[in-house]
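Q: I am sharing my_file-v9.cif, which consists of mmCIF, C-alpha atoms and all ligand atoms:
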```
data_start
#
loop_
_atom_site.label_atom_id
_atom_site.label_comp_id
_atom_site.auth_asym_id
_atom_site.auth_seq_id
_atom_site.Cartn_x
_atom_site.Cartn_y
_atom_site.Cartn_z
CA MET A 1 28.18 -14.40 49.02
CA LYS A 2 27.97 -14.69 45.27
CA PRO A 3 26.87 -11.58 43.38
CA THR A 4 23.54 -12.16 41.67
CA GLN A 5 24.01 -12.52 37.98
CA THR A 6 21.70 -10.58 35.71
CA GLN A 7 20.09 -12.86 33.18
CA PRO A 8 20.44 -11.65 29.60
CA THR A 9 17.01 -10.88 28.20
CA GLU A 10 16.01 -13.89 26.16
CA ARG A 11 15.42 -13.31 22.48
CA PRO A 12 12.66 -15.23 20.69
CA PRO A 13 13.79 -18.37 18.85
CA LEU A 14 15.08 -18.06 15.29
CA ILE A 15 12.90 -19.27 12.41
CA TRP A 16 15.45 -21.28 10.46
CA LEU A 17 13.23 -21.96 7.45
CA ASN A 18 12.79 -18.22 6.79
CA ILE A 19 16.49 -17.53 7.36
CA PHE A 20 17.34 -20.26 4.85
CA ILE A 21 14.86 -19.02 2.21
CA PHE A 22 15.96 -15.37 2.43
CA SER A 23 19.71 -16.04 2.53
CA PHE A 24 19.80 -18.87 -0.01
CA SER A 25 17.72 -16.97 -2.59
CA MET A 26 19.92 -13.89 -2.03
CA LEU A 27 23.08 -15.95 -2.51
CA LEU A 28 21.73 -17.42 -5.75
CA ALA A 29 20.64 -13.99 -7.02
CA VAL A 30 23.80 -12.01 -6.26
CA VAL A 31 26.49 -14.68 -6.64
CA ALA A 32 25.30 -17.66 -8.71
CA ALA A 33 23.20 -15.72 -11.27
CA PRO A 34 26.04 -13.32 -12.33
CA ILE A 35 28.59 -16.16 -12.48
CA TYR A 36 26.28 -18.32 -14.59
CA GLY A 37 25.52 -15.32 -16.82
CA TYR A 38 29.24 -14.60 -17.27
CA PHE A 39 29.94 -18.08 -18.59
CA ASN A 40 26.69 -18.86 -20.42
CA GLY A 41 25.03 -15.49 -21.12
CA TYR A 42 21.34 -14.63 -20.81
CA GLY A 43 19.00 -13.97 -23.71
CA MET A 44 16.22 -11.40 -24.07
CA GLU A 45 13.72 -14.13 -23.05
CA HIS A 46 15.25 -14.28 -19.54
CA TRP A 47 14.72 -10.55 -18.97
CA ILE A 48 11.23 -10.48 -20.48
CA TRP A 49 10.09 -13.40 -18.31
CA LEU A 50 11.75 -11.77 -15.29
CA ALA A 51 9.73 -8.57 -15.88
CA ILE A 52 6.49 -10.50 -16.46
CA CYS A 53 6.84 -12.77 -13.41
CA PHE A 54 8.10 -9.96 -11.16
CA SER A 55 5.10 -7.79 -12.10
CA PHE A 56 2.66 -10.69 -11.78
CA CYS A 57 3.90 -11.51 -8.25
CA ASN A 58 4.04 -7.95 -6.98
CA LEU A 59 0.67 -7.01 -8.44
CA SER A 60 -0.87 -10.12 -6.88
CA ILE A 61 0.39 -8.92 -3.51
CA THR A 62 -0.57 -5.25 -3.91
CA THR A 63 -3.91 -5.79 -5.67
CA GLY A 64 -4.93 -9.13 -4.18
CA TYR A 65 -3.34 -9.63 -0.77
CA HIS A 66 -3.33 -5.95 0.14
CA ARG A 67 -6.13 -3.90 -1.36
CA LEU A 68 -8.64 -6.71 -2.02
CA TRP A 69 -8.24 -9.13 0.89
CA SER A 70 -6.68 -7.08 3.69
CA HIS A 71 -8.70 -3.91 3.11
CA LYS A 72 -11.76 -4.97 1.07
CA ALA A 73 -11.24 -1.91 -1.11
CA PHE A 74 -13.19 -3.66 -3.91
CA GLU A 75 -14.73 -7.00 -4.80
CA ALA A 76 -13.17 -9.29 -7.39
CA HIS A 77 -14.39 -12.03 -9.72
CA SER A 78 -13.21 -15.53 -8.75
CA SER A 79 -10.98 -15.75 -11.86
CA LEU A 80 -9.09 -12.68 -10.68
CA ARG A 81 -8.86 -14.02 -7.12
CA PHE A 82 -7.50 -17.28 -8.49
CA LEU A 83 -4.73 -15.38 -10.31
CA PHE A 84 -3.88 -13.40 -7.13
CA ALA A 85 -3.74 -16.67 -5.15
CA LEU A 86 -1.23 -18.14 -7.64
CA GLY A 87 0.80 -14.93 -7.82
CA GLY A 88 0.87 -14.62 -4.04
CA ALA A 89 2.19 -18.18 -3.65
CA PHE A 90 4.77 -17.38 -6.38
CA ALA A 91 5.83 -14.28 -4.39
CA LEU A 92 6.40 -16.56 -1.39
CA GLN A 93 4.87 -14.29 1.25
CA ASN A 94 2.76 -16.84 3.09
CA SER A 95 -0.94 -17.45 2.42
CA ALA A 96 -3.24 -14.51 1.72
CA LEU A 97 -5.16 -15.29 4.93
CA HIS A 98 -2.03 -15.15 7.07
CA TRP A 99 -0.70 -12.07 5.28
CA SER A 100 -4.02 -10.20 5.64
CA SER A 101 -4.27 -11.08 9.32
CA ASP A 102 -0.81 -9.63 9.99
CA HIS A 103 -1.58 -6.60 7.89
CA ARG A 104 -4.84 -5.82 9.65
CA VAL A 105 -2.99 -5.89 12.98
CA HIS A 106 -0.36 -3.57 11.48
CA HIS A 107 -3.05 -0.99 10.63
CA LYS A 108 -4.88 -1.36 13.92
CA HIS A 109 -1.79 -1.02 16.09
CA VAL A 110 0.57 0.85 13.78
CA ASP A 111 3.89 1.81 15.45
CA ASN A 112 3.01 -0.04 18.65
CA ASN A 113 6.18 -2.03 19.30
CA ASP A 114 4.35 -4.72 21.26
CA LYS A 115 1.46 -5.24 18.87
CA ASP A 116 2.36 -4.07 15.35
CA PRO A 117 4.02 -7.15 13.75
CA TYR A 118 6.40 -4.96 11.70
CA SER A 119 6.50 -1.79 13.76
CA ALA A 120 8.71 0.82 12.08
CA LYS A 121 9.56 2.19 15.53
CA ARG A 122 11.74 -0.90 16.05
CA GLY A 123 14.01 0.29 13.25
CA PHE A 124 14.67 -0.35 9.58
CA TRP A 125 16.03 -3.90 9.88
CA TYR A 126 13.21 -5.15 12.10
CA SER A 127 10.39 -3.68 9.99
CA HIS A 128 12.04 -4.74 6.73
CA ILE A 129 12.90 -8.39 7.41
CA GLY A 130 13.92 -8.90 11.06
CA TRP A 131 10.33 -9.48 12.19
CA MET A 132 10.22 -12.66 10.08
CA LEU A 133 13.52 -14.10 11.32
CA ARG A 134 12.45 -14.77 14.91
CA ASN A 135 9.21 -15.93 16.44
CA TYR A 136 8.16 -12.59 17.94
CA LYS A 137 4.56 -13.69 18.53
CA THR A 138 3.20 -10.35 17.34
CA ALA A 139 2.37 -11.95 14.01
CA ALA A 140 -0.93 -13.60 13.04
CA THR A 141 -2.36 -16.26 15.31
CA ASP A 142 -3.58 -19.63 14.09
CA ASP A 143 -7.28 -18.83 14.36
CA TYR A 144 -7.10 -15.64 12.22
CA ALA A 145 -9.90 -14.14 14.27
CA ASN A 146 -9.53 -10.74 12.60
CA CYS A 147 -10.20 -12.30 9.18
CA ARG A 148 -13.54 -14.05 9.71
CA ASP A 149 -14.92 -12.32 6.61
CA LEU A 150 -12.12 -13.78 4.48
CA LYS A 151 -12.82 -17.32 5.58
CA LYS A 152 -15.94 -17.24 3.39
CA ASP A 153 -13.79 -16.80 0.30
CA LYS A 154 -13.34 -20.26 -1.23
CA VAL A 155 -10.41 -19.29 -3.44
CA LEU A 156 -8.56 -17.76 -0.49
CA MET A 157 -9.20 -20.78 1.73
CA TRP A 158 -8.11 -23.14 -1.06
CA GLN A 159 -4.84 -21.21 -1.35
CA HIS A 160 -4.38 -21.28 2.44
CA LYS A 161 -4.88 -25.06 2.54
CA TYR A 162 -2.55 -25.85 -0.36
CA TYR A 163 -0.12 -22.98 0.14
CA VAL A 164 3.05 -25.12 0.38
CA PRO A 165 2.48 -27.23 -2.76
CA LEU A 166 1.30 -24.11 -4.65
CA ALA A 167 4.40 -22.17 -3.59
CA LEU A 168 6.63 -25.05 -4.69
CA ILE A 169 4.84 -25.49 -8.03
CA MET A 170 5.02 -21.76 -8.81
CA ASN A 171 8.61 -21.21 -7.66
CA PHE A 172 10.10 -24.32 -9.27
CA GLY A 173 7.50 -25.35 -11.86
CA VAL A 174 7.25 -22.00 -13.67
CA PRO A 175 11.04 -21.41 -14.06
CA ILE A 176 11.66 -25.06 -15.00
CA GLY A 177 8.80 -24.97 -17.53
CA LEU A 178 10.16 -21.76 -19.07
CA GLY A 179 13.65 -23.29 -19.03
CA ILE A 180 12.46 -26.32 -21.00
CA ILE A 181 10.69 -24.10 -23.55
CA HIS A 182 13.74 -21.83 -24.03
CA GLY A 183 16.40 -24.52 -23.55
CA ASP A 184 18.03 -23.14 -20.37
CA VAL A 185 16.60 -24.62 -17.18
CA ILE A 186 19.40 -23.43 -14.84
CA GLY A 187 19.39 -19.90 -16.30
CA MET A 188 15.60 -19.58 -15.86
CA LEU A 189 15.79 -21.02 -12.32
CA LEU A 190 18.36 -18.35 -11.44
CA ILE A 191 16.67 -15.36 -13.15
CA VAL A 192 12.92 -16.13 -12.94
CA GLY A 193 13.39 -18.18 -9.76
CA ALA A 194 15.96 -16.51 -7.52
CA VAL A 195 16.48 -12.97 -8.91
CA ARG A 196 12.73 -12.48 -9.31
CA LEU A 197 12.04 -13.74 -5.78
CA VAL A 198 14.64 -11.48 -4.17
CA LEU A 199 13.30 -8.46 -6.08
CA ASN A 200 9.71 -9.37 -5.11
CA HIS A 201 10.62 -9.82 -1.48
CA HIS A 202 12.62 -6.67 -0.92
CA THR A 203 10.44 -4.29 -2.93
CA THR A 204 7.40 -5.46 -0.95
CA PHE A 205 9.35 -5.27 2.33
CA PHE A 206 10.22 -1.64 1.53
CA ILE A 207 6.57 -0.80 2.17
CA ASN A 208 6.93 -1.85 5.82
CA SER A 209 10.37 -0.34 6.28
CA LEU A 210 11.21 2.62 4.02
CA ALA A 211 7.59 3.73 3.48
CA HIS A 212 7.45 4.30 7.24
CA ILE A 213 10.77 6.18 7.36
CA TRP A 214 11.42 8.12 4.14
CA GLY A 215 9.03 10.62 2.54
CA SER A 216 6.44 13.28 3.26
CA GLN A 217 3.37 13.32 5.49
CA PRO A 218 0.78 15.39 3.61
CA PHE A 219 -2.29 13.78 5.21
CA THR A 220 -1.45 12.80 8.77
CA ASP A 221 1.41 12.71 11.25
CA LYS A 222 -0.40 10.45 13.71
CA ASN A 223 1.74 7.51 12.50
CA THR A 224 5.11 7.01 10.78
CA ALA A 225 3.70 6.25 7.29
CA ARG A 226 5.13 8.35 4.44
CA ASP A 227 4.26 9.28 0.85
CA ASN A 228 7.18 8.65 -1.47
CA GLY A 229 7.07 8.73 -5.30
CA ILE A 230 10.29 6.72 -5.70
CA LEU A 231 8.97 3.94 -3.48
CA ALA A 232 5.66 4.08 -5.36
CA PHE A 233 7.61 3.37 -8.55
CA LEU A 234 9.29 0.33 -6.99
CA THR A 235 6.14 -0.98 -5.31
CA PHE A 236 3.43 -0.65 -7.97
CA GLY A 237 1.91 2.38 -6.26
CA GLU A 238 2.11 1.37 -2.60
CA GLY A 239 4.62 4.13 -1.84
CA TYR A 240 1.78 6.56 -1.17
CA HIS A 241 1.63 5.05 2.27
CA ASN A 242 0.76 8.18 4.25
CA PHE A 243 -2.52 8.46 2.35
CA HIS A 244 -3.06 4.73 2.72
CA HIS A 245 -2.73 4.72 6.50
CA ILE A 246 -5.40 7.38 6.95
CA PHE A 247 -7.83 6.15 4.25
CA GLU A 248 -7.02 2.44 4.19
CA ASN A 249 -10.17 1.21 2.44
CA ASP A 250 -9.70 3.38 -0.63
CA TYR A 251 -8.84 1.29 -3.72
CA ARG A 252 -6.31 3.98 -4.63
CA ASN A 253 -3.08 4.86 -2.84
CA GLY A 254 -1.98 7.53 -5.28
CA ILE A 255 -5.17 9.56 -5.53
CA TYR A 256 -4.06 12.11 -8.11
CA TRP A 257 -4.05 11.14 -11.79
CA TRP A 258 -0.33 11.96 -12.10
CA GLN A 259 0.65 9.71 -9.20
CA TYR A 260 2.19 6.38 -10.25
CA ASP A 261 -0.16 3.71 -8.96
CA PRO A 262 -0.37 0.69 -11.33
CA THR A 263 -2.33 -1.27 -8.69
CA LYS A 264 -5.08 1.35 -8.91
CA TRP A 265 -5.00 1.13 -12.73
CA VAL A 266 -5.29 -2.67 -12.65
CA ILE A 267 -8.36 -2.42 -10.38
CA LYS A 268 -9.94 0.29 -12.55
CA LEU A 269 -9.21 -1.62 -15.76
CA SER A 270 -10.67 -4.80 -14.24
CA SER A 271 -13.82 -2.87 -13.32
CA TRP A 272 -14.35 -1.95 -17.01
CA PHE A 273 -14.45 -5.68 -17.79
CA GLY A 274 -16.75 -6.43 -14.85
CA LEU A 275 -14.02 -8.34 -13.00
CA ALA A 276 -13.80 -5.79 -10.16
CA THR A 277 -16.83 -4.19 -8.54
CA LYS A 278 -17.75 -1.96 -5.58
CA LEU A 279 -14.56 0.11 -5.79
CA ARG A 280 -14.35 2.14 -2.60
CA VAL A 281 -13.26 5.78 -2.73
CA THR A 282 -12.91 8.27 0.10
CA PRO A 283 -15.12 11.37 -0.30
CA GLN A 284 -12.96 14.12 -1.84
CA ALA A 285 -13.98 16.58 0.91
CA ARG A 286 -12.47 14.32 3.60
CA ILE A 287 -9.22 14.00 1.67
CA GLU A 288 -8.88 17.74 1.08
CA LYS A 289 -9.78 18.51 4.67
CA ALA A 290 -7.11 16.13 5.98
CA GLU A 291 -4.54 17.72 3.68
CA ALA A 292 -5.47 21.27 4.71
CA SER A 293 -5.49 20.33 8.44
CA MET A 294 -2.00 18.90 8.10
CA LEU A 295 -0.80 22.02 6.30
CA LEU A 296 -2.32 24.17 9.04
CA LYS A 297 -0.54 22.15 11.72
CA VAL A 298 2.84 22.32 9.98
CA THR A 299 2.54 26.05 9.35
CA GLN A 300 1.47 26.70 12.96
CA GLU A 301 4.64 24.90 14.09
CA LYS A 302 6.78 26.96 11.71
CA ILE A 303 5.64 30.29 13.13
CA MET A 304 6.15 29.29 16.78
CA HIS A 305 9.40 31.24 17.09
CA ARG A 306 7.95 34.50 15.77
CA ALA A 307 6.99 37.42 18.01
CA ASP A 308 3.72 37.98 16.11
CA LYS A 309 2.78 34.27 16.22
CA GLN A 310 -0.55 34.95 17.91
CA GLN A 311 -1.66 37.26 15.13
CA ILE A 312 -0.50 34.95 12.33
CA SER A 313 -2.03 31.95 14.01
CA GLU A 314 -5.42 33.64 14.15
CA LYS A 315 -5.15 34.64 10.49
CA LEU A 316 -4.25 31.08 9.48
CA GLN A 317 -7.15 29.69 11.48
CA LEU A 318 -9.56 32.16 9.85
CA GLU A 319 -8.44 31.21 6.33
CA PHE A 320 -8.60 27.53 7.23
CA ASP A 321 -12.14 27.84 8.61
CA ALA A 322 -13.24 29.73 5.50
CA LEU A 323 -11.68 27.04 3.34
CA VAL A 324 -13.45 24.23 5.17
CA SER A 325 -16.79 25.99 5.04
CA ASN A 326 -16.44 26.67 1.28
CA MET A 327 -15.30 23.10 0.79
CA ASN A 328 -18.30 21.61 2.60
CA GLU A 329 -20.72 23.81 0.67
CA TYR A 330 -19.05 23.01 -2.67
CA TYR A 331 -19.12 19.23 -2.23
CA ALA A 332 -22.69 19.29 -0.87
CA VAL A 333 -23.99 21.20 -3.91
CA LYS A 334 -21.92 19.07 -6.26
CA LYS A 335 -23.59 15.98 -4.83
CA GLN A 336 -27.05 17.58 -5.15
CA LEU A 337 -26.31 18.47 -8.74
CA LEU A 338 -25.27 14.92 -9.60
CA GLU A 339 -28.37 13.53 -7.93
CA SER A 340 -30.72 15.95 -9.70
CA LYS A 341 -29.16 14.96 -13.04
CA ARG A 342 -30.48 11.46 -12.54
CA GLU A 343 -33.98 12.66 -11.69
CA ASP A 344 -36.94 13.43 -13.93
CA VAL A 345 -36.60 15.83 -16.86
CA VAL A 346 -39.59 17.78 -15.49
CA LYS A 347 -37.20 19.13 -12.90
CA LYS A 348 -34.97 20.54 -15.61
CA TYR A 349 -35.63 24.10 -14.46
CA GLU A 350 -34.56 23.34 -10.89
CA HIS A 351 -31.52 21.60 -12.23
CA SER A 352 -30.37 24.61 -14.23
CA LEU A 353 -30.88 26.86 -11.19
CA LEU A 354 -28.77 24.50 -9.14
CA LYS A 355 -26.13 24.53 -11.85
CA VAL A 356 -25.83 28.31 -11.63
CA ARG A 357 -25.51 28.09 -7.85
CA TYR A 358 -22.93 25.35 -8.22
CA GLN A 359 -20.80 27.48 -10.57
CA GLN A 360 -20.87 30.37 -8.10
CA ILE A 361 -19.91 28.17 -5.14
CA LYS A 362 -17.20 26.52 -7.20
CA MET A 363 -15.72 29.94 -7.96
CA ASN A 364 -15.82 30.90 -4.27
CA PHE A 365 -14.16 27.64 -3.29
CA GLU A 366 -11.40 28.01 -5.87
CA GLN A 367 -10.77 31.59 -4.79
CA GLN A 368 -10.58 30.54 -1.14
CA LYS A 369 -8.17 27.72 -2.07
CA LYS A 370 -5.90 30.36 -3.64
CA ASN A 371 -6.18 32.60 -0.56
CA TRP A 372 -5.34 29.66 1.67
CA VAL A 373 -2.27 28.63 -0.35
CA MET A 374 -1.07 32.26 -0.50
CA THR A 375 -1.46 32.71 3.26
CA VAL A 376 0.35 29.49 4.05
CA GLU A 377 3.15 30.19 1.58
CA GLN A 378 3.95 33.46 3.34
CA TYR A 379 5.10 31.50 6.38
CA ALA A 380 6.51 28.39 4.70
ZN ZN B 401 2.19 0.55 6.91
ZN ZN B 402 -2.62 -1.57 4.19
#
```
Could you write out this structure as structure tokens?
A:
Amino acid sequence: MKPTQTQPTERPPLIWLNIFIFSFSMLLAVVAAPIYGYFNGYGMEHWIWLAICFSFCNLSITTGYHRLWSHKAFEAHSSLRFLFALGGAFALQNSALHWSSDHRVHHKHVDNNDKDPYSAKRGFWYSHIGWMLRNYKTAATDDYANCRDLKKDKVLMWQHKYYVPLALIMNFGVPIGLGIIHGDVIGMLLIVGAVRLVLNHHTTFFINSLAHIWGSQPFTDKNTARDNGILAFLTFGEGYHNFHHIFENDYRNGIYWWQYDPTKWVIKLSSWFGLATKLRVTPQARIEKAEASMLLKVTQEKIMHRADKQQISEKLQLEFDALVSNMNEYYAVKKQLLESKREDVVKKYEHSLLKVRYQQIKMNFEQQKKNWVMTVEQYA
């Protein structure tokens, strides 16, 4: 009797078009571009146009595809949406509708290897690029049922319908046009075409791979997303991915003023010109509470080996509770104060009373913040 042969588990079919695009552009960027440069040289105009087109493409993805369309973190004027549609086709990352559909699934089922289209739990290679090389069927479906709201956007649907011609016009037309103007068509095709595309692709892909592997988790450890300043620098602010995965509808990823988040600056700047409206921000109390809860959790884990862990744990909990209660009171009064400012001047007296109360509560809150940090630092 013949021994039964175990069938090798079948892998999904390869997507040859994607394999060709990724490998051919890489070959042009790392082999052809340096060789051409060695023999012919590049001028300042090549590097300036590389920087402009690279930024235009990446910002179209981060501001348009990601924060505007996938997360509805703000609303944008049609002129701005038109620019994002062109930049997204130039970045060659599929239509905004398809991209957003995938991305919404990523957030909904993050780290679920069967459902998250680029689950980081399947490793660096898979989450970076591998998920696009085979037909894994976790990606967006043809009906884009999770993007019904986006189907009302005429600019987005126009881009979806004409994605292929738009992608071809942007990726060949722009470099060739620049090449004619500056007298070096091949040089511009290599630098603004291939080098720019490879940089756009891999910096964006880092958000799915490295931003789920490398960095800190100051807000949540319920998923693999990380905050990483270096990645934020390479990805126009998207490196603050730990914050993003807990407060995904916030138009900011780097919430502090010192955090490098050009996407946030573009949205804010556009709002001053009336091109972006309804910017969504997470209430500060929720952000600070998430951060303090995470710190409490980490510190509790750190003291697990100590003999007096029970005592310390109770002390930490007490300080944390006091912090949260001060925090709630502070933000409630702050809100009241802002509201009363808008009201009638007759209520001026009440307003000044509230102001005094606010100052007192603010002092208490700041003091408790110091106590909390001091307590935690003792066991860090
Ligand atoms: Zn993510
Ligand atoms: Zn997102």
Q: Give one line per residue of chain A that approaches ligand ZN 401 (chain B) to at most 12 Å, naming the two atoms of the closest pair and their distance in Å to one decimal, counting all atoms listed in the file; sort by chain then ascending residue number and deliver it as JSON lines.
A:
```
{"residue": "A:His66", "atom": "CA", "partner": "B:ZN401", "partner_atom": "ZN", "distance": 10.9}
{"residue": "A:Asp102", "atom": "CA", "partner": "B:ZN401", "partner_atom": "ZN", "distance": 11.1}
{"residue": "A:His103", "atom": "CA", "partner": "B:ZN401", "partner_atom": "ZN", "distance": 8.1}
{"residue": "A:Arg104", "atom": "CA", "partner": "B:ZN401", "partner_atom": "ZN", "distance": 9.9}
{"residue": "A:Val105", "atom": "CA", "partner": "B:ZN401", "partner_atom": "ZN", "distance": 10.3}
{"residue": "A:His106", "atom": "CA", "partner": "B:ZN401", "partner_atom": "ZN", "distance": 6.7}
{"residue": "A:His107", "atom": "CA", "partner": "B:ZN401", "partner_atom": "ZN", "distance": 6.6}
{"residue": "A:Lys108", "atom": "CA", "partner": "B:ZN401", "partner_atom": "ZN", "distance": 10.1}
{"residue": "A:His109", "atom": "CA", "partner": "B:ZN401", "partner_atom": "ZN", "distance": 10.1}
{"residue": "A:Val110", "atom": "CA", "partner": "B:ZN401", "partner_atom": "ZN", "distance": 7.1}
{"residue": "A:Asp111", "atom": "CA", "partner": "B:ZN401", "partner_atom": "ZN", "distance": 8.8}
{"residue": "A:Asn112", "atom": "CA", "partner": "B:ZN401", "partner_atom": "ZN", "distance": 11.8}
{"residue": "A:Asp116", "atom": "CA", "partner": "B:ZN401", "partner_atom": "ZN", "distance": 9.6}
{"residue": "A:Pro117", "atom": "CA", "partner": "B:ZN401", "partner_atom": "ZN", "distance": 10.5}
{"residue": "A:Tyr118", "atom": "CA", "partner": "B:ZN401", "partner_atom": "ZN", "distance": 8.4}
{"residue": "A:Ser119", "atom": "CA", "partner": "B:ZN401", "partner_atom": "ZN", "distance": 8.4}
{"residue": "A:Ala120", "atom": "CA", "partner": "B:ZN401", "partner_atom": "ZN", "distance": 8.3}
{"residue": "A:Lys121", "atom": "CA", "partner": "B:ZN401", "partner_atom": "ZN", "distance": 11.5}
{"residue": "A:Ser127", "atom": "CA", "partner": "B:ZN401", "partner_atom": "ZN", "distance": 9.7}
{"residue": "A:His128", "atom": "CA", "partner": "B:ZN401", "partner_atom": "ZN", "distance": 11.2}
{"residue": "A:Thr204", "atom": "CA", "partner": "B:ZN401", "partner_atom": "ZN", "distance": 11.2}
{"residue": "A:Phe205", "atom": "CA", "partner": "B:ZN401", "partner_atom": "ZN", "distance": 10.3}
{"residue": "A:Phe206", "atom": "CA", "partner": "B:ZN401", "partner_atom": "ZN", "distance": 9.9}
{"residue": "A:Ile207", "atom": "CA", "partner": "B:ZN401", "partner_atom": "ZN", "distance": 6.6}
{"residue": "A:Asn208", "atom": "CA", "partner": "B:ZN401", "partner_atom": "ZN", "distance": 5.4}
{"residue": "A:Ser209", "atom": "CA", "partner": "B:ZN401", "partner_atom": "ZN", "distance": 8.3}
{"residue": "A:Leu210", "atom": "CA", "partner": "B:ZN401", "partner_atom": "ZN", "distance": 9.7}
{"residue": "A:Ala211", "atom": "CA", "partner": "B:ZN401", "partner_atom": "ZN", "distance": 7.1}
{"residue": "A:His212", "atom": "CA", "partner": "B:ZN401", "partner_atom": "ZN", "distance": 6.5}
{"residue": "A:Ile213", "atom": "CA", "partner": "B:ZN401", "partner_atom": "ZN", "distance": 10.3}
{"residue": "A:Asn223", "atom": "CA", "partner": "B:ZN401", "partner_atom": "ZN", "distance": 8.9}
{"residue": "A:Thr224", "atom": "CA", "partner": "B:ZN401", "partner_atom": "ZN", "distance": 8.1}
{"residue": "A:Ala225", "atom": "CA", "partner": "B:ZN401", "partner_atom": "ZN", "distance": 5.9}
{"residue": "A:Arg226", "atom": "CA", "partner": "B:ZN401", "partner_atom": "ZN", "distance": 8.7}
{"residue": "A:Asp227", "atom": "CA", "partner": "B:ZN401", "partner_atom": "ZN", "distance": 10.8}
{"residue": "A:Glu238", "atom": "CA", "partner": "B:ZN401", "partner_atom": "ZN", "distance": 9.5}
{"residue": "A:Gly239", "atom": "CA", "partner": "B:ZN401", "partner_atom": "ZN", "distance": 9.8}
{"residue": "A:Tyr240", "atom": "CA", "partner": "B:ZN401", "partner_atom": "ZN", "distance": 10.1}
{"residue": "A:His241", "atom": "CA", "partner": "B:ZN401", "partner_atom": "ZN", "distance": 6.5}
{"residue": "A:Asn242", "atom": "CA", "partner": "B:ZN401", "partner_atom": "ZN", "distance": 8.2}
{"residue": "A:Phe243", "atom": "CA", "partner": "B:ZN401", "partner_atom": "ZN", "distance": 10.3}
{"residue": "A:His244", "atom": "CA", "partner": "B:ZN401", "partner_atom": "ZN", "distance": 7.9}
{"residue": "A:His245", "atom": "CA", "partner": "B:ZN401", "partner_atom": "ZN", "distance": 6.5}
{"residue": "A:Ile246", "atom": "CA", "partner": "B:ZN401", "partner_atom": "ZN", "distance": 10.2}
{"residue": "A:Phe247", "atom": "CA", "partner": "B:ZN401", "partner_atom": "ZN", "distance": 11.8}
{"residue": "A:Glu248", "atom": "CA", "partner": "B:ZN401", "partner_atom": "ZN", "distance": 9.8}
{"residue": "A:Asn253", "atom": "CA", "partner": "B:ZN401", "partner_atom": "ZN", "distance": 11.9}
```
Q: Considering all atoms listed in the file, can you say which of A:Val174, A:Leu354, A:Ile303, A:Met132 comes closest to Leu86 of chain A?
A: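 Nearest to Leu86 of chain A: A:Val174.
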Q: Calculate how many Å separate atom CA of Arg357 of chain A from atom CA of Met327 of chain A, rounding to one decimal.
A: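 Between atom CA of Arg357 of chain A and atom CA of Met327 of chain A the gap works out to 14.3 Å.
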Q: Might you pull out every residue within 9 Å of segment 42-55 of chain A, with all atoms listed in the file counted and same-chain residues fewer than 5 positions away left off, and present them as a short mmCIF file (atom, residue, chain, number, x, y, z; two decimals) with C-alpha atoms, keeping the file's coordinate frame?
A:
```
data_model
loop_
_atom_site.label_atom_id
_atom_site.label_comp_id
_atom_site.auth_asym_id
_atom_site.auth_seq_id
_atom_site.Cartn_x
_atom_site.Cartn_y
_atom_site.Cartn_z
CA TYR A 36 26.28 -18.32 -14.59
CA GLY A 37 25.52 -15.32 -16.82
CA SER A 60 -0.87 -10.12 -6.88
CA GLY A 87 0.80 -14.93 -7.82
CA PHE A 90 4.77 -17.38 -6.38
CA ALA A 91 5.83 -14.28 -4.39
CA LEU A 178 10.16 -21.76 -19.07
CA HIS A 182 13.74 -21.83 -24.03
CA GLY A 187 19.39 -19.90 -16.30
CA MET A 188 15.60 -19.58 -15.86
CA ILE A 191 16.67 -15.36 -13.15
CA VAL A 192 12.92 -16.13 -12.94
CA GLY A 193 13.39 -18.18 -9.76
CA VAL A 195 16.48 -12.97 -8.91
CA ARG A 196 12.73 -12.48 -9.31
CA LEU A 197 12.04 -13.74 -5.78
CA LEU A 199 13.30 -8.46 -6.08
CA ASN A 200 9.71 -9.37 -5.11
CA PHE A 236 3.43 -0.65 -7.97
#
```
Q: Considering all atoms listed in the file, state which residue in the set A:Asn371, A:Asn171, A:Thr282, A:Asn58 is at the smallest distance from Leu189 of chain A.
A: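 Distance minimum relative to Leu189 of chain A lands on A:Asn171.
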Q: Quick check, in Å to one decimal: how far apart do atom CA of Gly123 of chain A and atom CA of Arg11 of chain A lie?
A: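 We find that atom CA of Gly123 of chain A and atom CA of Arg11 of chain A lie 16.5 Å from each other.
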Q: Which distance in Å separates atom CA of Tyr251 of chain A and atom CA of Leu156 of chain A, to one decimal?
A: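 So the answer is 19.3 Å.
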Q: Identify, on the basis of all atoms listed in the file, every residue whose closest approach to Tyr136 of chain A does not exceed 9 Å; exclude the query and any residue fewer than 2 positions from it along the same chain; express the result as a VMD selection string.
A: chain A and resid 11 to 13 117 131 to 134 138 to 139
Q: Pick out the closest residue to Ile129 of chain A from this set: A:Asn113, A:Ile21, A:Gly237, A:Leu68. Count only C-alpha atoms.
A: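 The closest residue to Ile129 of chain A is A:Ile21.
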Q: When you count only C-alpha atoms and all ligand atoms, which of these residues is closest to ligand ZN 402 (chain B): A:Ser95, A:Asn364, A:Ser100, A:Asn40?
A: A:Ser100
Q: Quick one: of A:Asp114, A:Val356, A:Asn135, A:Gly177, who's nearest to Leu17 of chain A, counting all atoms listed in the file?
A: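 Nearest to Leu17 of chain A: A:Asn135.
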Q: Compare A:Trp257, A:Glu350, A:Ala332, A:Ala380 by their minimum atom-to-atom distance to Lys302 of chain A, counting only C-alpha atoms, and give me the closest one.
A: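 Nearest to Lys302 of chain A: A:Ala380.
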